[in-house]
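Colleague: For reference, this is data-v1.csv, and it has CSV, C-alpha atoms.
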chain,number,residue,atom,x,y,z
A,1,MET,CA,119.7,125.6,125.3
A,2,GLN,CA,117.1,128.0,126.7
A,3,LYS,CA,113.4,127.1,126.8
A,4,GLY,CA,112.5,130.0,124.5
A,5,THR,CA,114.9,128.8,121.9
A,6,LYS,CA,113.5,125.3,122.0
A,7,ILE,CA,110.0,126.6,121.6
A,8,LYS,CA,111.0,128.6,118.5
A,9,ILE,CA,112.6,125.5,116.9
A,10,ALA,CA,109.5,123.6,117.6
A,11,ILE,CA,107.3,126.2,116.0
A,12,PHE,CA,109.5,126.2,112.9
A,13,VAL,CA,109.3,122.4,112.6
A,14,LEU,CA,105.5,122.6,113.1
A,15,ILE,CA,105.3,125.1,110.2
A,16,VAL,CA,107.2,122.7,108.0
A,17,GLY,CA,104.9,119.8,109.1
A,18,MET,CA,101.7,121.8,108.4
A,19,ALA,CA,103.0,122.8,104.9
A,20,CYS,CA,103.7,119.1,104.1
A,21,MET,CA,100.3,118.0,105.3
A,22,PHE,CA,98.5,120.7,103.4
A,23,THR,CA,100.4,119.9,100.3
A,24,ALA,CA,99.5,116.2,100.6
A,25,VAL,CA,95.8,117.0,101.1
A,26,VAL,CA,95.4,119.2,98.0
A,27,THR,CA,97.5,117.1,95.6
A,28,ASP,CA,96.6,113.9,93.9
A,29,HIS,CA,99.9,111.9,93.7
A,30,TRP,CA,99.3,109.6,96.7
A,31,ALA,CA,99.5,106.4,94.7
A,32,VAL,CA,100.3,105.5,91.1
A,33,LEU,CA,98.7,102.4,89.4
A,34,SER,CA,99.8,100.7,86.2
A,35,PRO,CA,98.2,98.0,84.0
A,36,ARG,CA,100.2,95.4,82.2
A,37,VAL,CA,101.6,96.4,78.8
A,38,GLU,CA,101.6,93.5,76.3
A,39,ARG,CA,102.7,95.2,73.0
A,40,VAL,CA,105.0,98.0,72.0
A,41,ASN,CA,104.0,101.2,70.1
A,42,GLU,CA,100.6,101.3,71.8
A,43,THR,CA,98.9,103.7,74.2
A,44,CYS,CA,98.3,102.4,77.7
A,45,GLU,CA,96.4,103.9,80.6
A,46,ALA,CA,98.1,104.6,84.0
A,47,ALA,CA,96.4,106.3,86.9
A,48,HIS,CA,97.4,108.4,89.9
A,49,PHE,CA,95.0,109.6,92.6
A,50,GLY,CA,94.8,111.5,95.9
A,51,LEU,CA,92.1,112.1,98.4
A,52,TRP,CA,89.7,113.9,96.1
A,53,LYS,CA,90.2,112.8,92.5
A,54,LEU,CA,91.6,110.2,90.1
A,55,CYS,CA,93.7,111.2,87.1
A,56,LYS,CA,94.1,108.8,84.2
A,57,LYS,CA,97.0,109.4,81.9
A,58,TYR,CA,97.3,107.9,78.4
A,59,ILE,CA,100.9,107.1,77.7
A,60,TYR,CA,102.4,106.0,74.4
A,61,ILE,CA,104.9,103.2,74.9
A,62,SER,CA,107.7,103.2,72.4
A,63,GLU,CA,110.4,100.6,72.0
A,64,GLU,CA,112.7,102.7,74.2
A,65,ASN,CA,110.3,102.6,77.2
A,66,PHE,CA,108.9,99.1,76.7
A,67,VAL,CA,109.9,96.5,79.3
A,68,GLN,CA,108.4,93.0,78.9
A,69,GLY,CA,106.2,92.1,81.9
A,70,HIS,CA,106.2,95.6,83.4
A,71,GLY,CA,103.4,98.0,83.7
A,72,CYS,CA,102.5,101.2,81.9
A,73,GLY,CA,104.8,104.1,82.6
A,74,PRO,CA,106.6,105.7,84.2
A,75,ILE,CA,103.9,108.2,85.0
A,76,SER,CA,106.3,111.1,84.2
A,77,LEU,CA,106.2,110.3,80.5
A,78,PRO,CA,104.2,112.7,78.3
A,79,GLY,CA,100.6,112.0,77.6
A,80,GLU,CA,97.1,113.2,77.7
A,81,GLU,CA,95.7,113.4,81.2
A,82,ASN,CA,92.1,113.4,82.4
A,83,CYS,CA,91.2,114.0,86.0
A,84,THR,CA,87.8,113.4,87.7
A,85,TYR,CA,86.7,114.1,91.2
A,86,PHE,CA,85.4,111.0,93.1
A,87,ARG,CA,82.0,112.5,93.7
A,88,HIS,CA,81.5,112.6,89.9
A,89,PHE,CA,82.1,108.9,89.4
A,90,THR,CA,79.1,106.8,88.4
A,91,PRO,CA,79.1,103.0,88.4
A,92,GLY,CA,79.3,101.6,84.9
A,93,GLN,CA,81.5,104.4,83.5
A,94,ASP,CA,84.8,103.7,85.3
A,95,ALA,CA,84.1,100.3,86.7
A,96,GLU,CA,86.1,98.6,84.0
A,97,ILE,CA,89.3,100.5,84.8
A,98,PHE,CA,88.9,101.3,88.4
A,99,ASP,CA,87.4,99.6,91.4
A,100,TYR,CA,84.8,102.4,91.8
A,101,LYS,CA,82.9,101.3,94.9
A,102,THR,CA,85.9,100.3,97.0
A,103,GLN,CA,88.1,103.3,96.1
A,104,LYS,CA,85.4,105.8,96.6
A,105,GLU,CA,84.4,104.5,100.1
A,106,TYR,CA,88.0,104.4,101.2
A,107,ASN,CA,88.9,107.8,99.8
A,108,ILE,CA,85.9,109.5,101.4
A,109,SER,CA,87.0,108.1,104.7
A,110,ALA,CA,90.6,109.2,104.2
A,111,ALA,CA,89.5,112.7,103.1
A,112,ALA,CA,87.2,113.1,106.0
A,113,ILE,CA,89.9,112.2,108.5
A,114,SER,CA,92.3,114.6,106.8
A,115,ILE,CA,89.8,117.4,107.3
A,116,PHE,CA,89.9,116.7,111.0
A,117,SER,CA,93.7,116.9,110.8
A,118,LEU,CA,93.5,120.3,109.2
A,119,ALA,CA,91.0,121.5,111.8
A,120,PHE,CA,93.3,120.4,114.6
A,121,MET,CA,96.1,122.3,112.9
A,122,ILE,CA,94.0,125.4,112.8
A,123,PHE,CA,93.1,125.1,116.5
A,124,GLY,CA,96.7,124.5,117.4
A,125,SER,CA,97.8,127.5,115.3
A,126,LEU,CA,95.3,129.8,117.1
A,127,CYS,CA,96.5,128.7,120.5
A,128,LEU,CA,100.1,129.2,119.3
A,129,MET,CA,99.3,132.7,118.1
A,130,GLY,CA,97.7,133.5,121.4
A,131,SER,CA,100.7,132.3,123.3
A,132,CYS,CA,103.1,134.4,121.1
A,133,THR,CA,101.0,137.6,121.5
A,134,GLY,CA,100.7,137.5,125.3
A,135,LYS,CA,101.4,140.8,127.1
A,136,GLY,CA,101.8,141.9,130.6
A,137,LYS,CA,103.5,140.5,133.7
A,138,GLY,CA,101.9,137.1,133.3
A,139,LYS,CA,103.1,136.7,129.7
A,140,GLY,CA,105.3,133.7,130.5
A,141,LYS,CA,102.6,132.0,132.4
A,142,GLY,CA,100.0,132.6,129.8
A,143,ARG,CA,102.3,131.3,127.1
A,144,ASP,CA,102.9,128.1,128.9
A,145,TYR,CA,99.1,127.7,129.4
A,146,LEU,CA,98.3,128.1,125.8
A,147,LEU,CA,101.2,125.9,124.6
A,148,LYS,CA,99.6,122.9,126.3
A,149,PRO,CA,96.4,122.8,124.1
A,150,ALA,CA,98.5,123.8,121.1
A,151,GLY,CA,100.8,120.8,121.6
A,152,MET,CA,97.7,118.5,122.0
A,153,PHE,CA,96.0,119.8,118.9
A,154,TYR,CA,99.1,119.3,116.8
A,155,ALA,CA,99.6,115.8,118.2
A,156,PHE,CA,96.0,115.0,117.3
A,157,ALA,CA,96.5,116.4,113.8
A,158,GLY,CA,99.5,114.1,113.4
A,159,LEU,CA,97.4,111.1,114.6
A,160,CYS,CA,94.6,111.9,112.2
A,161,CYS,CA,97.2,112.1,109.4
A,162,PHE,CA,98.5,108.7,110.3
A,163,ILE,CA,94.9,107.2,110.2
A,164,SER,CA,94.3,108.8,106.8
A,165,LEU,CA,97.6,107.3,105.5
A,166,GLU,CA,96.6,103.8,106.8
A,167,VAL,CA,93.2,104.1,105.2
A,168,MET,CA,94.7,105.0,101.9
A,169,ARG,CA,97.2,102.2,102.1
A,170,GLN,CA,94.5,99.7,102.8
A,171,SER,CA,92.6,101.1,99.8
A,172,VAL,CA,95.4,100.5,97.4
A,173,LYS,CA,96.2,97.0,98.9
A,174,ARG,CA,92.6,95.8,98.6
A,175,MET,CA,92.3,97.1,95.1
A,176,ILE,CA,95.6,95.5,93.9
A,177,GLU,CA,94.8,92.1,95.5
A,178,SER,CA,91.4,92.0,93.9
A,179,GLU,CA,91.0,89.2,91.3
A,180,GLU,CA,89.2,91.5,88.9
A,181,THR,CA,91.7,94.3,88.9
A,182,ILE,CA,93.7,95.3,85.8
A,183,TRP,CA,96.5,96.9,87.9
A,184,ILE,CA,99.7,94.9,88.3
A,185,GLU,CA,102.0,97.6,89.6
A,186,TYR,CA,101.7,100.3,92.1
A,187,TYR,CA,103.8,102.6,94.2
A,188,TYR,CA,103.2,105.5,96.6
A,189,SER,CA,104.2,108.8,95.2
A,190,TRP,CA,105.4,112.2,96.6
A,191,SER,CA,102.0,113.3,98.0
A,192,PHE,CA,102.1,110.2,100.2
A,193,ALA,CA,105.6,111.0,101.3
A,194,CYS,CA,104.5,114.6,102.2
A,195,ALA,CA,101.7,113.1,104.4
A,196,CYS,CA,104.2,110.8,106.1
A,197,THR,CA,106.5,113.7,106.8
A,198,GLY,CA,103.6,115.8,108.1
A,199,PHE,CA,102.5,113.0,110.4
A,200,VAL,CA,106.0,112.6,111.9
A,201,LEU,CA,106.7,116.3,112.4
A,202,LEU,CA,103.2,117.2,113.7
A,203,PHE,CA,102.9,114.3,116.1
A,204,LEU,CA,106.5,114.4,117.6
A,205,THR,CA,106.8,118.2,117.7
A,206,GLY,CA,103.3,118.5,119.2
A,207,PHE,CA,104.2,116.1,121.9
A,208,ALA,CA,107.5,118.0,122.4
A,209,LEU,CA,105.7,121.3,122.6
A,210,LEU,CA,103.4,119.8,125.3
A,211,LEU,CA,106.5,118.7,127.3
A,212,LEU,CA,108.0,122.2,127.0
A,213,SER,CA,104.9,123.8,128.4
A,214,MET,CA,105.1,121.7,131.5
A,215,PRO,CA,106.7,123.3,134.6
A,216,GLN,CA,110.3,122.3,135.1
A,217,MET,CA,111.2,119.9,137.9
A,218,PRO,CA,113.3,121.5,140.7
A,219,ARG,CA,117.0,120.5,140.7
A,220,ASN,CA,116.9,119.8,144.4
A,221,PRO,CA,113.4,118.7,145.5
A,222,TRP,CA,114.4,118.6,149.2
A,223,GLU,CA,115.2,122.3,149.2
A,224,THR,CA,111.8,123.1,147.5
A,225,CYS,CA,110.0,121.1,150.2
A,226,MET,CA,111.9,123.0,153.0
A,227,ASP,CA,111.1,126.3,151.4
A,228,ALA,CA,107.4,125.4,151.3
A,229,GLU,CA,107.4,124.5,155.0
A,230,GLN,CA,109.0,127.8,155.9
A,231,ASP,CA,106.4,129.7,154.0
A,232,GLN,CA,103.7,127.9,155.9
A,233,VAL,CA,105.3,128.7,159.3
A,234,GLU,CA,105.6,132.4,158.5
Mind converting the file's structure to structure tokens?
Modeller:
Amino acid sequence: MQKGTKIKIAIFVLIVGMACMFTAVVTDHWAVLSPRVERVNETCEAAHFGLWKLCKKYIYISEENFVQGHGCGPISLPGEENCTYFRHFTPGQDAEIFDYKTQKEYNISAAAISIFSLAFMIFGSLCLMGSCTGKGKGKGKGRDYLLKPAGMFYAFAGLCCFISLEVMRQSVKRMIESEETIWIEYYYSWSFACACTGFVLLFLTGFALLLLSMPQMPRNPWETCMDAEQDQVE
């Protein structure tokens, strides 16, 4: 496979990775939390949240959906939903149903790191656009030069995405393990899966793009050395 074809494949994979990461950042289905349901034919309160806001959903549990000892849900059941951005939370209002202080601190950290990831993706895209619009005799050389920083930026974006995922995971873990929490069940939802996909695609493909931008090793190094010596003699 030619080098140009490999670069085109890498660019396509990077576009998919950036789309997954952007989707994860702007959506609020990173994790779903459920409290215990004791009685049937009552309304329970489940929650799902992302980097920026928490959504509480009031779900009516009928006999068909009730399972003894299980939590409220599934979250896909119909119900009234109320979403609030984390910056609007005030202690005392949501402290009874949500670990306000812990979750807000963790989410601010995860959101800030995700912003760095988006910034690295933008820088990488600018370098990639510059490499694809190169003109003149030195087009190939200019393309290789710009692919190096592009690959590094995309790899850094994937690394920031991984750190954001780990911060969010620690947030959920700490909240569930708290003795005062009302949540008994949790799982990571599709936004978290998009972030995981974005991390894998951005990091690995960015590293691959960096390798593709490197000069190729000669097939016969001895011939290359001999040619260099002849050039010096002449």
Colleague: Rounded to one decimal in Å, what is the spacing between atom CA of A:Asp28 and atom CA of A:Trp52?
Modeller: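 Separation between atom CA of A:Asp28 and atom CA of A:Trp52: 7.2 Å.
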Colleague: As an exercise, work out the distance from atom CA of A:Ala46 to atom CA of A:Ser114 in Å and give it to one decimal place.
Modeller: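 Interatomic distance here is 25.6 Å.
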Colleague: Rounded to one decimal in Å, what is the spacing between atom CA of A:Thr197 and atom CA of A:Ala157?
Modeller: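 Pair atom CA of A:Thr197 / atom CA of A:Ala157 returns 12.5 Å.
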Colleague: Using all atoms listed in the file, which protein or nucleic acid residues come within 9 Å of A:Leu159? Drop anything in the same chain fewer than 6 positions from it, and give the result as number ranges by chain.
Modeller: A: 117, 199, 202-203
Colleague: With a distance cut-off of 10 Å and all atoms listed in the file, select the neighbouring residues of A:Ser109, excluding the residue or stretch itself and same-chain residues fewer than 2 positions from it, and output the selection as an NGL selection string.
Modeller: :A and (51 or 103-107 or 111-114 or 163-164 or 167-168)
Colleague: Can I get the selected residues back with C-alpha atoms, as a tab-separated table (two decimals), keeping the file's coordinate frame?
Modeller:
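That gives us part31.tsv:
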chain	number	residue	atom	x	y	z
A	51	LEU	CA	92.10	112.10	98.40
A	103	GLN	CA	88.10	103.30	96.10
A	104	LYS	CA	85.40	105.80	96.60
A	105	GLU	CA	84.40	104.50	100.10
A	106	TYR	CA	88.00	104.40	101.20
A	107	ASN	CA	88.90	107.80	99.80
A	111	ALA	CA	89.50	112.70	103.10
A	112	ALA	CA	87.20	113.10	106.00
A	113	ILE	CA	89.90	112.20	108.50
A	114	SER	CA	92.30	114.60	106.80
A	163	ILE	CA	94.90	107.20	110.20
A	164	SER	CA	94.30	108.80	106.80
A	167	VAL	CA	93.20	104.10	105.20
A	168	MET	CA	94.70	105.00	101.90
Colleague: Rank A:Ala119, A:Met214, A:Glu45, A:Cys194 by their smallest atom-to-atom distance to A:Ala24, using only C-alpha atoms, and report the top residue only.
Modeller: A:Cys194
Colleague: For A:Gly17, which residue among A:Cys196, A:Ile59, A:Ile108, A:Val37 is the nearest when counting all atoms listed in the file?
Modeller: A:Cys196
Colleague: For A:His29, which of A:Phe156, A:Tyr60, A:Phe12, A:Phe49 is the closest residue, counting all atoms listed in the file?
Modeller: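 Ranked by minimum distance to A:His29, first place goes to A:Phe49.
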Colleague: Quick one: everything within 10 Å of A:Pro149, counting all atoms listed in the file, minus sequence neighbours fewer than 2 positions away in the same chain. Send it as number ranges by chain.
Modeller: A: 123-124, 126-128, 144-147, 151-155, 206, 209-210, 213
Colleague: Could those residues be written to a file, using C-alpha atoms, as an mmCIF file, in the frame of the given file?
Modeller:
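File produced: part.cif:
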data_model
loop_
_atom_site.group_PDB
_atom_site.id
_atom_site.type_symbol
_atom_site.label_atom_id
_atom_site.label_comp_id
_atom_site.auth_asym_id
_atom_site.auth_seq_id
_atom_site.Cartn_x
_atom_site.Cartn_y
_atom_site.Cartn_z
ATOM 1 C CA PHE A 123 93.100 125.100 116.500
ATOM 2 C CA GLY A 124 96.700 124.500 117.400
ATOM 3 C CA LEU A 126 95.300 129.800 117.100
ATOM 4 C CA CYS A 127 96.500 128.700 120.500
ATOM 5 C CA LEU A 128 100.100 129.200 119.300
ATOM 6 C CA ASP A 144 102.900 128.100 128.900
ATOM 7 C CA TYR A 145 99.100 127.700 129.400
ATOM 8 C CA LEU A 146 98.300 128.100 125.800
ATOM 9 C CA LEU A 147 101.200 125.900 124.600
ATOM 10 C CA GLY A 151 100.800 120.800 121.600
ATOM 11 C CA MET A 152 97.700 118.500 122.000
ATOM 12 C CA PHE A 153 96.000 119.800 118.900
ATOM 13 C CA TYR A 154 99.100 119.300 116.800
ATOM 14 C CA ALA A 155 99.600 115.800 118.200
ATOM 15 C CA GLY A 206 103.300 118.500 119.200
ATOM 16 C CA LEU A 209 105.700 121.300 122.600
ATOM 17 C CA LEU A 210 103.400 119.800 125.300
ATOM 18 C CA SER A 213 104.900 123.800 128.400
#
Colleague: Please determine, counting only C-alpha atoms, which residue among A:Ile7, A:Ser62, A:Met18, A:Cys55 has the shortest atom-to-atom distance to A:Glu80.
Modeller: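 Closest residue, counting only C-alpha atoms: A:Cys55.
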